[in-house]
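Below is one structure, written out as structure tokens, with a few remarks after it.
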Amino acid sequence: MSQALEDLLDLLDLERIEQDIFRGQSRFAVVPRVFGGQVAAQALVAAGRTVPADRPAHSLHAYFLRAGDPGAPIVYTVDRIRDGRSFTTRRVVAVQYGQPIFHLSASFQTYEEGLEHQAEMPAAPDPETLRTTAEMLPLYLDACGDESVARRMLEARAAVDLRYADAPPYASVGEAREPRSQVWFRTNGKLDGVIDEPLLHVCLATYVSDMTLLDSVLLAHGRGGWVTGDVVGASLDHAMWFHRPFRADEWLLYDQESPSASGGRGLGQARIYTQDGRLAITVIQEGVVRVPR
């Protein structure tokens, strides 16, 4: 297991300060605010720690309300909305300096047999044949508005082995492309022992899901994104549905597209598949995507 992954696991191991109140720390991200995937994953950890282990998460819906300060702890308060025979619902509010910065609603369900079908997994290259982010990003440093941003991106993604199937937005600035992007990802190391629990894999996928989903918006307009500085943006809301079990330390295909951008906002939607073709997760996110004036 890499040191970066150990650090990420420590970040997700929240401190319980009361029965349904937890405290989490932060790390500096690509931009000077708390990374949205971090606060979403921590909030899901907080919710999950109030739910029996035999009820895995099946969905979450979240709003990013204010930019988080990475230099201050975040307090997560869990509201036990409902404990039913099959479903459990939790609401989580993340607070800094007395103000909510993030709201999450999550639902958990006991396992049931039922109808089965899924969308077919799209064609994608073998992840082992693709460059890692650490290998690819240095090739395009000339396109970066600020090389320190590129270095921060490498640091922020060090816990994850993330590989683009095609050229990422920062590699094709000025070239409008189909608003579609594929990324393979897995944790940078295996998870085993006492930390290997289903909730952790779901929270790690939640963390990664906020890294690249708006790339497809950028591709449609030939924008390089946060690395090149030709757009500014932030996540607004985020929804995920967890369909089938998966492991975050095994390859997952993040198949992403953008059906719309308007009003300074861009919409991304995606499906996440296991390497053997099972549809594991559906993700939808809207974010602010603005061209600097």
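Going through the structure tokens in order, the chains are called A, B, and so on, while each chain numbers its residues from 1 and the ligands are numbered from 1 in the order shown.
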
Discussion item. As a VMD selection string, please: every residue in segment 67-122 of chain A that a backbone DSSP assignment puts in strand (DSSP E or B).
Written reply: chain A and resid 74 to 83 87 to 96 99 to 109

Quick one: residues within 10 Å of Glu128 of chain A, only C-alpha atoms counted, chain neighbours fewer than 2 positions away excluded, as a PDB file with N, CA and C atoms, in the first residue's frame?
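Output file out37.pdb is given in full below:
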```pdb
ATOM      1  N   PRO A 125     -10.047   0.431 -23.764  1.00  0.00           N
ATOM      2  CA  PRO A 125      -8.735  -0.228 -23.819  1.00  0.00           C
ATOM      3  C   PRO A 125      -8.374  -0.865 -22.477  1.00  0.00           C
ATOM      4  N   ASP A 126      -7.473  -1.818 -22.537  1.00  0.00           N
ATOM      5  CA  ASP A 126      -6.967  -2.469 -21.333  1.00  0.00           C
ATOM      6  C   ASP A 126      -6.251  -1.416 -20.476  1.00  0.00           C
ATOM      7  N   LEU A 130      -2.293   1.693 -20.608  1.00  0.00           N
ATOM      8  CA  LEU A 130      -2.426   3.147 -20.595  1.00  0.00           C
ATOM      9  C   LEU A 130      -1.428   3.801 -19.648  1.00  0.00           C
ATOM     10  N   ARG A 131      -1.082   5.063 -19.934  1.00  0.00           N
ATOM     11  CA  ARG A 131      -0.190   5.813 -19.053  1.00  0.00           C
ATOM     12  C   ARG A 131      -0.909   6.195 -17.765  1.00  0.00           C
ATOM     13  N   THR A 132      -0.181   6.205 -16.659  1.00  0.00           N
ATOM     14  CA  THR A 132      -0.712   6.746 -15.417  1.00  0.00           C
ATOM     15  C   THR A 132      -0.727   8.270 -15.504  1.00  0.00           C
ATOM     16  N   ARG A 163      -6.101   6.408 -15.027  1.00  0.00           N
ATOM     17  CA  ARG A 163      -5.556   6.369 -16.383  1.00  0.00           C
ATOM     18  C   ARG A 163      -6.635   6.719 -17.404  1.00  0.00           C
ATOM     19  N   TRP A 184      -9.964   4.754 -16.370  1.00  0.00           N
ATOM     20  CA  TRP A 184      -9.844   3.590 -15.485  1.00  0.00           C
ATOM     21  C   TRP A 184      -9.239   4.070 -14.166  1.00  0.00           C
ATOM     22  N   TRP A 251      -9.611  -2.640 -10.865  1.00  0.00           N
ATOM     23  CA  TRP A 251      -9.896  -1.691 -11.938  1.00  0.00           C
ATOM     24  C   TRP A 251     -11.386  -1.438 -12.105  1.00  0.00           C
TER      25      TRP A 251
END
```

What residues in segment 27-265 of chain A get the DSSP label helix (DSSP H, G or I)? Please answer as a PDB file with N, CA, C and O atoms, in the first residue's frame.
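Okay, part.pdb is ready:
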```
ATOM      1  N   GLY A  36     -14.107  18.427  -3.246  1.00  0.00           N
ATOM      2  CA  GLY A  36     -15.484  17.986  -3.061  1.00  0.00           C
ATOM      3  C   GLY A  36     -15.615  16.504  -2.816  1.00  0.00           C
ATOM      4  O   GLY A  36     -16.443  16.053  -2.014  1.00  0.00           O
ATOM      5  N   GLY A  37     -14.792  15.695  -3.505  1.00  0.00           N
ATOM      6  CA  GLY A  37     -14.855  14.253  -3.284  1.00  0.00           C
ATOM      7  C   GLY A  37     -14.492  13.858  -1.871  1.00  0.00           C
ATOM      8  O   GLY A  37     -15.008  12.873  -1.332  1.00  0.00           O
ATOM      9  N   GLN A  38     -13.604  14.647  -1.259  1.00  0.00           N
ATOM     10  CA  GLN A  38     -13.225  14.355   0.129  1.00  0.00           C
ATOM     11  C   GLN A  38     -14.397  14.557   1.083  1.00  0.00           C
ATOM     12  O   GLN A  38     -14.707  13.692   1.898  1.00  0.00           O
ATOM     13  N   VAL A  39     -15.058  15.716   0.989  1.00  0.00           N
ATOM     14  CA  VAL A  39     -16.141  15.986   1.926  1.00  0.00           C
ATOM     15  C   VAL A  39     -17.318  15.041   1.682  1.00  0.00           C
ATOM     16  O   VAL A  39     -17.981  14.592   2.631  1.00  0.00           O
ATOM     17  N   ALA A  40     -17.566  14.657   0.419  1.00  0.00           N
ATOM     18  CA  ALA A  40     -18.631  13.703   0.132  1.00  0.00           C
ATOM     19  C   ALA A  40     -18.310  12.332   0.723  1.00  0.00           C
ATOM     20  O   ALA A  40     -19.177  11.680   1.322  1.00  0.00           O
ATOM     21  N   ALA A  41     -17.072  11.894   0.554  1.00  0.00           N
ATOM     22  CA  ALA A  41     -16.675  10.590   1.089  1.00  0.00           C
ATOM     23  C   ALA A  41     -16.704  10.592   2.615  1.00  0.00           C
ATOM     24  O   ALA A  41     -17.171   9.625   3.241  1.00  0.00           O
ATOM     25  N   GLN A  42     -16.218  11.663   3.238  1.00  0.00           N
ATOM     26  CA  GLN A  42     -16.245  11.727   4.700  1.00  0.00           C
ATOM     27  C   GLN A  42     -17.680  11.747   5.226  1.00  0.00           C
ATOM     28  O   GLN A  42     -17.986  11.109   6.244  1.00  0.00           O
ATOM     29  N   ALA A  43     -18.558  12.480   4.553  1.00  0.00           N
ATOM     30  CA  ALA A  43     -19.951  12.514   4.989  1.00  0.00           C
ATOM     31  C   ALA A  43     -20.591  11.135   4.888  1.00  0.00           C
ATOM     32  O   ALA A  43     -21.378  10.733   5.754  1.00  0.00           O
ATOM     33  N   LEU A  44     -20.245  10.381   3.848  1.00  0.00           N
ATOM     34  CA  LEU A  44     -20.784   9.028   3.709  1.00  0.00           C
ATOM     35  C   LEU A  44     -20.214   8.098   4.775  1.00  0.00           C
ATOM     36  O   LEU A  44     -20.918   7.221   5.284  1.00  0.00           O
ATOM     37  N   VAL A  45     -18.947   8.290   5.134  1.00  0.00           N
ATOM     38  CA  VAL A  45     -18.376   7.534   6.258  1.00  0.00           C
ATOM     39  C   VAL A  45     -19.177   7.804   7.527  1.00  0.00           C
ATOM     40  O   VAL A  45     -19.553   6.882   8.262  1.00  0.00           O
ATOM     41  N   ALA A  46     -19.455   9.087   7.801  1.00  0.00           N
ATOM     42  CA  ALA A  46     -20.204   9.449   9.005  1.00  0.00           C
ATOM     43  C   ALA A  46     -21.582   8.797   9.002  1.00  0.00           C
ATOM     44  O   ALA A  46     -22.014   8.221  10.009  1.00  0.00           O
ATOM     45  N   ALA A  47     -22.277   8.867   7.868  1.00  0.00           N
ATOM     46  CA  ALA A  47     -23.602   8.239   7.787  1.00  0.00           C
ATOM     47  C   ALA A  47     -23.504   6.743   7.987  1.00  0.00           C
ATOM     48  O   ALA A  47     -24.288   6.144   8.750  1.00  0.00           O
ATOM     49  N   GLY A  48     -22.539   6.112   7.317  1.00  0.00           N
ATOM     50  CA  GLY A  48     -22.411   4.661   7.392  1.00  0.00           C
ATOM     51  C   GLY A  48     -22.083   4.141   8.771  1.00  0.00           C
ATOM     52  O   GLY A  48     -22.446   3.009   9.112  1.00  0.00           O
ATOM     53  N   PRO A 127      -6.623  -1.267 -19.206  1.00  0.00           N
ATOM     54  CA  PRO A 127      -5.984  -0.228 -18.386  1.00  0.00           C
ATOM     55  C   PRO A 127      -4.484  -0.411 -18.234  1.00  0.00           C
ATOM     56  O   PRO A 127      -3.748   0.576 -18.077  1.00  0.00           O
ATOM     57  N   GLU A 128      -4.019  -1.639 -18.298  1.00  0.00           N
ATOM     58  CA  GLU A 128      -2.583  -1.876 -18.120  1.00  0.00           C
ATOM     59  C   GLU A 128      -1.767  -1.331 -19.283  1.00  0.00           C
ATOM     60  O   GLU A 128      -0.538  -1.193 -19.172  1.00  0.00           O
ATOM     61  N   THR A 129      -2.410  -1.022 -20.402  1.00  0.00           N
ATOM     62  CA  THR A 129      -1.693  -0.485 -21.564  1.00  0.00           C
ATOM     63  C   THR A 129      -1.644   1.043 -21.574  1.00  0.00           C
ATOM     64  O   THR A 129      -1.033   1.631 -22.463  1.00  0.00           O
ATOM     65  N   THR A 133      -1.461   8.907 -14.587  1.00  0.00           N
ATOM     66  CA  THR A 133      -1.458  10.376 -14.545  1.00  0.00           C
ATOM     67  C   THR A 133      -0.053  10.907 -14.314  1.00  0.00           C
ATOM     68  O   THR A 133       0.365  11.905 -14.910  1.00  0.00           O
ATOM     69  N   ALA A 134       0.711  10.231 -13.460  1.00  0.00           N
ATOM     70  CA  ALA A 134       2.073  10.671 -13.165  1.00  0.00           C
ATOM     71  C   ALA A 134       2.960  10.596 -14.398  1.00  0.00           C
ATOM     72  O   ALA A 134       3.913  11.374 -14.546  1.00  0.00           O
ATOM     73  N   GLU A 135       2.660   9.665 -15.327  1.00  0.00           N
ATOM     74  CA  GLU A 135       3.431   9.556 -16.554  1.00  0.00           C
ATOM     75  C   GLU A 135       2.931  10.534 -17.624  1.00  0.00           C
ATOM     76  O   GLU A 135       3.728  11.034 -18.430  1.00  0.00           O
ATOM     77  N   MET A 136       1.622  10.820 -17.621  1.00  0.00           N
ATOM     78  CA  MET A 136       1.048  11.630 -18.685  1.00  0.00           C
ATOM     79  C   MET A 136       1.168  13.125 -18.443  1.00  0.00           C
ATOM     80  O   MET A 136       1.552  13.886 -19.342  1.00  0.00           O
ATOM     81  N   LEU A 137       0.847  13.589 -17.235  1.00  0.00           N
ATOM     82  CA  LEU A 137       0.776  15.026 -16.984  1.00  0.00           C
ATOM     83  C   LEU A 137       2.078  15.755 -17.290  1.00  0.00           C
ATOM     84  O   LEU A 137       2.050  16.841 -17.894  1.00  0.00           O
ATOM     85  N   PRO A 138       3.251  15.207 -16.935  1.00  0.00           N
ATOM     86  CA  PRO A 138       4.495  15.940 -17.254  1.00  0.00           C
ATOM     87  C   PRO A 138       4.711  16.167 -18.744  1.00  0.00           C
ATOM     88  O   PRO A 138       5.437  17.098 -19.125  1.00  0.00           O
ATOM     89  N   LEU A 139       4.068  15.379 -19.600  1.00  0.00           N
ATOM     90  CA  LEU A 139       4.220  15.545 -21.042  1.00  0.00           C
ATOM     91  C   LEU A 139       3.557  16.828 -21.535  1.00  0.00           C
ATOM     92  O   LEU A 139       3.845  17.291 -22.641  1.00  0.00           O
ATOM     93  N   TYR A 140       2.647  17.371 -20.710  1.00  0.00           N
ATOM     94  CA  TYR A 140       1.865  18.526 -21.150  1.00  0.00           C
ATOM     95  C   TYR A 140       2.053  19.735 -20.227  1.00  0.00           C
ATOM     96  O   TYR A 140       1.190  20.599 -20.152  1.00  0.00           O
ATOM     97  N   LEU A 141       3.184  19.812 -19.578  1.00  0.00           N
ATOM     98  CA  LEU A 141       3.423  20.925 -18.657  1.00  0.00           C
ATOM     99  C   LEU A 141       3.425  22.267 -19.378  1.00  0.00           C
ATOM    100  O   LEU A 141       3.084  23.294 -18.794  1.00  0.00           O
ATOM    101  N   ASP A 142       3.798  22.262 -20.660  1.00  0.00           N
ATOM    102  CA  ASP A 142       3.822  23.524 -21.413  1.00  0.00           C
ATOM    103  C   ASP A 142       2.428  24.124 -21.533  1.00  0.00           C
ATOM    104  O   ASP A 142       2.281  25.348 -21.680  1.00  0.00           O
ATOM    105  N   ALA A 143       1.389  23.265 -21.471  1.00  0.00           N
ATOM    106  CA  ALA A 143       0.018  23.757 -21.598  1.00  0.00           C
ATOM    107  C   ALA A 143      -0.526  24.292 -20.273  1.00  0.00           C
ATOM    108  O   ALA A 143      -1.571  24.942 -20.252  1.00  0.00           O
ATOM    109  N   GLU A 147       2.661  25.668 -13.406  1.00  0.00           N
ATOM    110  CA  GLU A 147       3.159  24.314 -13.175  1.00  0.00           C
ATOM    111  C   GLU A 147       2.912  23.849 -11.749  1.00  0.00           C
ATOM    112  O   GLU A 147       2.817  22.642 -11.499  1.00  0.00           O
ATOM    113  N   SER A 148       2.792  24.767 -10.806  1.00  0.00           N
ATOM    114  CA  SER A 148       2.530  24.367  -9.424  1.00  0.00           C
ATOM    115  C   SER A 148       1.163  23.711  -9.294  1.00  0.00           C
ATOM    116  O   SER A 148       0.953  22.837  -8.457  1.00  0.00           O
ATOM    117  N   VAL A 149       0.197  24.138 -10.150  1.00  0.00           N
ATOM    118  CA  VAL A 149      -1.120  23.509 -10.152  1.00  0.00           C
ATOM    119  C   VAL A 149      -1.007  22.065 -10.609  1.00  0.00           C
ATOM    120  O   VAL A 149      -1.638  21.167 -10.045  1.00  0.00           O
ATOM    121  N   ALA A 150      -0.196  21.824 -11.635  1.00  0.00           N
ATOM    122  CA  ALA A 150       0.016  20.457 -12.112  1.00  0.00           C
ATOM    123  C   ALA A 150       0.641  19.593 -11.029  1.00  0.00           C
ATOM    124  O   ALA A 150       0.256  18.428 -10.835  1.00  0.00           O
ATOM    125  N   ARG A 151       1.608  20.153 -10.309  1.00  0.00           N
ATOM    126  CA  ARG A 151       2.240  19.389  -9.232  1.00  0.00           C
ATOM    127  C   ARG A 151       1.228  19.072  -8.131  1.00  0.00           C
ATOM    128  O   ARG A 151       1.230  17.963  -7.574  1.00  0.00           O
ATOM    129  N   ARG A 152       0.366  20.038  -7.817  1.00  0.00           N
ATOM    130  CA  ARG A 152      -0.656  19.783  -6.791  1.00  0.00           C
ATOM    131  C   ARG A 152      -1.642  18.721  -7.249  1.00  0.00           C
ATOM    132  O   ARG A 152      -2.126  17.927  -6.436  1.00  0.00           O
ATOM    133  N   MET A 153      -1.939  18.691  -8.554  1.00  0.00           N
ATOM    134  CA  MET A 153      -2.845  17.657  -9.060  1.00  0.00           C
ATOM    135  C   MET A 153      -2.223  16.275  -8.882  1.00  0.00           C
ATOM    136  O   MET A 153      -2.895  15.321  -8.471  1.00  0.00           O
ATOM    137  N   LEU A 154      -0.933  16.152  -9.180  1.00  0.00           N
ATOM    138  CA  LEU A 154      -0.265  14.864  -8.993  1.00  0.00           C
ATOM    139  C   LEU A 154      -0.295  14.439  -7.529  1.00  0.00           C
ATOM    140  O   LEU A 154      -0.531  13.272  -7.211  1.00  0.00           O
ATOM    141  N   GLU A 155      -0.072  15.385  -6.629  1.00  0.00           N
ATOM    142  CA  GLU A 155      -0.108  15.073  -5.200  1.00  0.00           C
ATOM    143  C   GLU A 155      -1.515  14.682  -4.765  1.00  0.00           C
ATOM    144  O   GLU A 155      -1.709  13.733  -4.003  1.00  0.00           O
ATOM    145  N   ALA A 156      -2.528  15.417  -5.281  1.00  0.00           N
ATOM    146  CA  ALA A 156      -3.905  15.156  -4.875  1.00  0.00           C
ATOM    147  C   ALA A 156      -4.394  13.802  -5.354  1.00  0.00           C
ATOM    148  O   ALA A 156      -5.273  13.192  -4.723  1.00  0.00           O
ATOM    149  N   PRO A 169      -8.448  16.532 -21.027  1.00  0.00           N
ATOM    150  CA  PRO A 169      -8.700  17.895 -21.524  1.00  0.00           C
ATOM    151  C   PRO A 169      -7.452  18.752 -21.650  1.00  0.00           C
ATOM    152  O   PRO A 169      -7.304  19.502 -22.620  1.00  0.00           O
ATOM    153  N   TYR A 170      -6.535  18.657 -20.688  1.00  0.00           N
ATOM    154  CA  TYR A 170      -5.353  19.517 -20.723  1.00  0.00           C
ATOM    155  C   TYR A 170      -4.401  19.145 -21.859  1.00  0.00           C
ATOM    156  O   TYR A 170      -3.480  19.902 -22.177  1.00  0.00           O
ATOM    157  N   ALA A 171      -4.618  17.980 -22.490  1.00  0.00           N
ATOM    158  CA  ALA A 171      -3.751  17.559 -23.597  1.00  0.00           C
ATOM    159  C   ALA A 171      -4.284  17.979 -24.960  1.00  0.00           C
ATOM    160  O   ALA A 171      -3.628  17.754 -25.972  1.00  0.00           O
ATOM    161  N   GLY A 193      -7.001  -6.767   5.371  1.00  0.00           N
ATOM    162  CA  GLY A 193      -6.971  -6.720   6.834  1.00  0.00           C
ATOM    163  C   GLY A 193      -8.210  -6.064   7.414  1.00  0.00           C
ATOM    164  O   GLY A 193      -9.289  -6.089   6.840  1.00  0.00           O
ATOM    165  N   VAL A 194      -8.053  -5.418   8.549  1.00  0.00           N
ATOM    166  CA  VAL A 194      -9.188  -4.876   9.291  1.00  0.00           C
ATOM    167  C   VAL A 194      -9.841  -3.702   8.569  1.00  0.00           C
ATOM    168  O   VAL A 194     -10.999  -3.376   8.835  1.00  0.00           O
ATOM    169  N   ILE A 195      -9.131  -3.057   7.651  1.00  0.00           N
ATOM    170  CA  ILE A 195      -9.717  -1.899   6.965  1.00  0.00           C
ATOM    171  C   ILE A 195     -10.582  -2.309   5.772  1.00  0.00           C
ATOM    172  O   ILE A 195     -11.263  -1.481   5.185  1.00  0.00           O
ATOM    173  N   PRO A 198     -16.929  -3.242   3.127  1.00  0.00           N
ATOM    174  CA  PRO A 198     -17.679  -2.726   1.969  1.00  0.00           C
ATOM    175  C   PRO A 198     -17.875  -1.213   1.990  1.00  0.00           C
ATOM    176  O   PRO A 198     -17.773  -0.559   0.949  1.00  0.00           O
ATOM    177  N   LEU A 199     -18.166  -0.638   3.161  1.00  0.00           N
ATOM    178  CA  LEU A 199     -18.390   0.807   3.236  1.00  0.00           C
ATOM    179  C   LEU A 199     -17.174   1.581   2.755  1.00  0.00           C
ATOM    180  O   LEU A 199     -17.304   2.605   2.078  1.00  0.00           O
ATOM    181  N   LEU A 200     -15.977   1.106   3.061  1.00  0.00           N
ATOM    182  CA  LEU A 200     -14.768   1.806   2.663  1.00  0.00           C
ATOM    183  C   LEU A 200     -14.639   1.852   1.144  1.00  0.00           C
ATOM    184  O   LEU A 200     -14.282   2.882   0.571  1.00  0.00           O
ATOM    185  N   HIS A 201     -14.945   0.759   0.466  1.00  0.00           N
ATOM    186  CA  HIS A 201     -14.846   0.731  -0.996  1.00  0.00           C
ATOM    187  C   HIS A 201     -15.828   1.722  -1.615  1.00  0.00           C
ATOM    188  O   HIS A 201     -15.501   2.419  -2.585  1.00  0.00           O
ATOM    189  N   VAL A 202     -17.030   1.800  -1.062  1.00  0.00           N
ATOM    190  CA  VAL A 202     -18.031   2.746  -1.559  1.00  0.00           C
ATOM    191  C   VAL A 202     -17.560   4.185  -1.332  1.00  0.00           C
ATOM    192  O   VAL A 202     -17.704   5.049  -2.211  1.00  0.00           O
ATOM    193  N   CYS A 203     -16.995   4.451  -0.177  1.00  0.00           N
ATOM    194  CA  CYS A 203     -16.525   5.813   0.127  1.00  0.00           C
ATOM    195  C   CYS A 203     -15.329   6.200  -0.735  1.00  0.00           C
ATOM    196  O   CYS A 203     -15.212   7.366  -1.154  1.00  0.00           O
ATOM    197  N   LEU A 204     -14.452   5.246  -1.025  1.00  0.00           N
ATOM    198  CA  LEU A 204     -13.319   5.543  -1.898  1.00  0.00           C
ATOM    199  C   LEU A 204     -13.785   5.841  -3.325  1.00  0.00           C
ATOM    200  O   LEU A 204     -13.270   6.756  -3.985  1.00  0.00           O
ATOM    201  N   ALA A 205     -14.777   5.093  -3.813  1.00  0.00           N
ATOM    202  CA  ALA A 205     -15.327   5.384  -5.141  1.00  0.00           C
ATOM    203  C   ALA A 205     -15.997   6.751  -5.159  1.00  0.00           C
ATOM    204  O   ALA A 205     -15.920   7.484  -6.151  1.00  0.00           O
ATOM    205  N   THR A 206     -16.650   7.120  -4.062  1.00  0.00           N
ATOM    206  CA  THR A 206     -17.255   8.443  -3.948  1.00  0.00           C
ATOM    207  C   THR A 206     -16.182   9.525  -4.024  1.00  0.00           C
ATOM    208  O   THR A 206     -16.347  10.551  -4.703  1.00  0.00           O
ATOM    209  N   TYR A 207     -15.084   9.302  -3.360  1.00  0.00           N
ATOM    210  CA  TYR A 207     -13.960  10.239  -3.385  1.00  0.00           C
ATOM    211  C   TYR A 207     -13.460  10.452  -4.814  1.00  0.00           C
ATOM    212  O   TYR A 207     -13.322  11.589  -5.285  1.00  0.00           O
ATOM    213  N   VAL A 208     -13.230   9.363  -5.541  1.00  0.00           N
ATOM    214  CA  VAL A 208     -12.679   9.463  -6.896  1.00  0.00           C
ATOM    215  C   VAL A 208     -13.699  10.040  -7.878  1.00  0.00           C
ATOM    216  O   VAL A 208     -13.333  10.705  -8.840  1.00  0.00           O
ATOM    217  N   SER A 209     -14.988   9.809  -7.628  1.00  0.00           N
ATOM    218  CA  SER A 209     -16.023  10.185  -8.598  1.00  0.00           C
ATOM    219  C   SER A 209     -16.058  11.682  -8.889  1.00  0.00           C
ATOM    220  O   SER A 209     -16.571  12.099  -9.929  1.00  0.00           O
ATOM    221  N   ASP A 210     -15.507  12.500  -8.000  1.00  0.00           N
ATOM    222  CA  ASP A 210     -15.522  13.956  -8.197  1.00  0.00           C
ATOM    223  C   ASP A 210     -14.285  14.464  -8.930  1.00  0.00           C
ATOM    224  O   ASP A 210     -14.156  15.652  -9.174  1.00  0.00           O
ATOM    225  N   MET A 211     -13.363  13.569  -9.298  1.00  0.00           N
ATOM    226  CA  MET A 211     -12.102  14.019  -9.888  1.00  0.00           C
ATOM    227  C   MET A 211     -12.222  14.395 -11.357  1.00  0.00           C
ATOM    228  O   MET A 211     -11.598  15.362 -11.806  1.00  0.00           O
ATOM    229  N   THR A 212     -12.991  13.628 -12.133  1.00  0.00           N
ATOM    230  CA  THR A 212     -12.934  13.775 -13.594  1.00  0.00           C
ATOM    231  C   THR A 212     -14.294  13.901 -14.259  1.00  0.00           C
ATOM    232  O   THR A 212     -14.353  13.989 -15.492  1.00  0.00           O
ATOM    233  N   ASP A 215     -14.892  16.537 -16.900  1.00  0.00           N
ATOM    234  CA  ASP A 215     -13.978  16.559 -18.046  1.00  0.00           C
ATOM    235  C   ASP A 215     -14.732  16.579 -19.366  1.00  0.00           C
ATOM    236  O   ASP A 215     -14.320  17.238 -20.325  1.00  0.00           O
ATOM    237  N   SER A 216     -15.839  15.833 -19.422  1.00  0.00           N
ATOM    238  CA  SER A 216     -16.583  15.747 -20.679  1.00  0.00           C
ATOM    239  C   SER A 216     -17.170  17.101 -21.070  1.00  0.00           C
ATOM    240  O   SER A 216     -17.316  17.399 -22.260  1.00  0.00           O
ATOM    241  N   VAL A 217     -17.501  17.935 -20.084  1.00  0.00           N
ATOM    242  CA  VAL A 217     -17.957  19.298 -20.369  1.00  0.00           C
ATOM    243  C   VAL A 217     -16.824  20.084 -21.022  1.00  0.00           C
ATOM    244  O   VAL A 217     -17.023  20.791 -22.029  1.00  0.00           O
ATOM    245  N   LEU A 218     -15.632  19.966 -20.477  1.00  0.00           N
ATOM    246  CA  LEU A 218     -14.477  20.698 -21.000  1.00  0.00           C
ATOM    247  C   LEU A 218     -14.140  20.261 -22.421  1.00  0.00           C
ATOM    248  O   LEU A 218     -13.821  21.086 -23.280  1.00  0.00           O
ATOM    249  N   LEU A 219     -14.208  18.957 -22.685  1.00  0.00           N
ATOM    250  CA  LEU A 219     -13.848  18.442 -23.999  1.00  0.00           C
ATOM    251  C   LEU A 219     -14.737  19.018 -25.091  1.00  0.00           C
ATOM    252  O   LEU A 219     -14.281  19.281 -26.212  1.00  0.00           O
ATOM    253  N   ALA A 220     -16.016  19.222 -24.779  1.00  0.00           N
ATOM    254  CA  ALA A 220     -16.951  19.736 -25.783  1.00  0.00           C
ATOM    255  C   ALA A 220     -16.584  21.141 -26.256  1.00  0.00           C
ATOM    256  O   ALA A 220     -17.007  21.564 -27.337  1.00  0.00           O
TER     257      ALA A 220
END
```

Practice prompt. Provide the atom CA of Val183 of chain A to atom CA of Ala57 of chain A distance in Å, to one decimal place.
Written response: 23.4 Å

Worksheet item: What's the 7 Å shell around Val291 of chain A, counting only C-alpha atoms, without same-chain residues fewer than 6 positions away, as a PyMOL selection string?
Response: chain A and resi 230-232

Worksheet item: Residues at most 12 Å from segment 259-267 of chain A, counting only C-alpha atoms, excluding those fewer than 6 positions away in the same chain, as a PyMOL selection string?
Response: chain A and resi 178-180+213-221+231-239+283-292
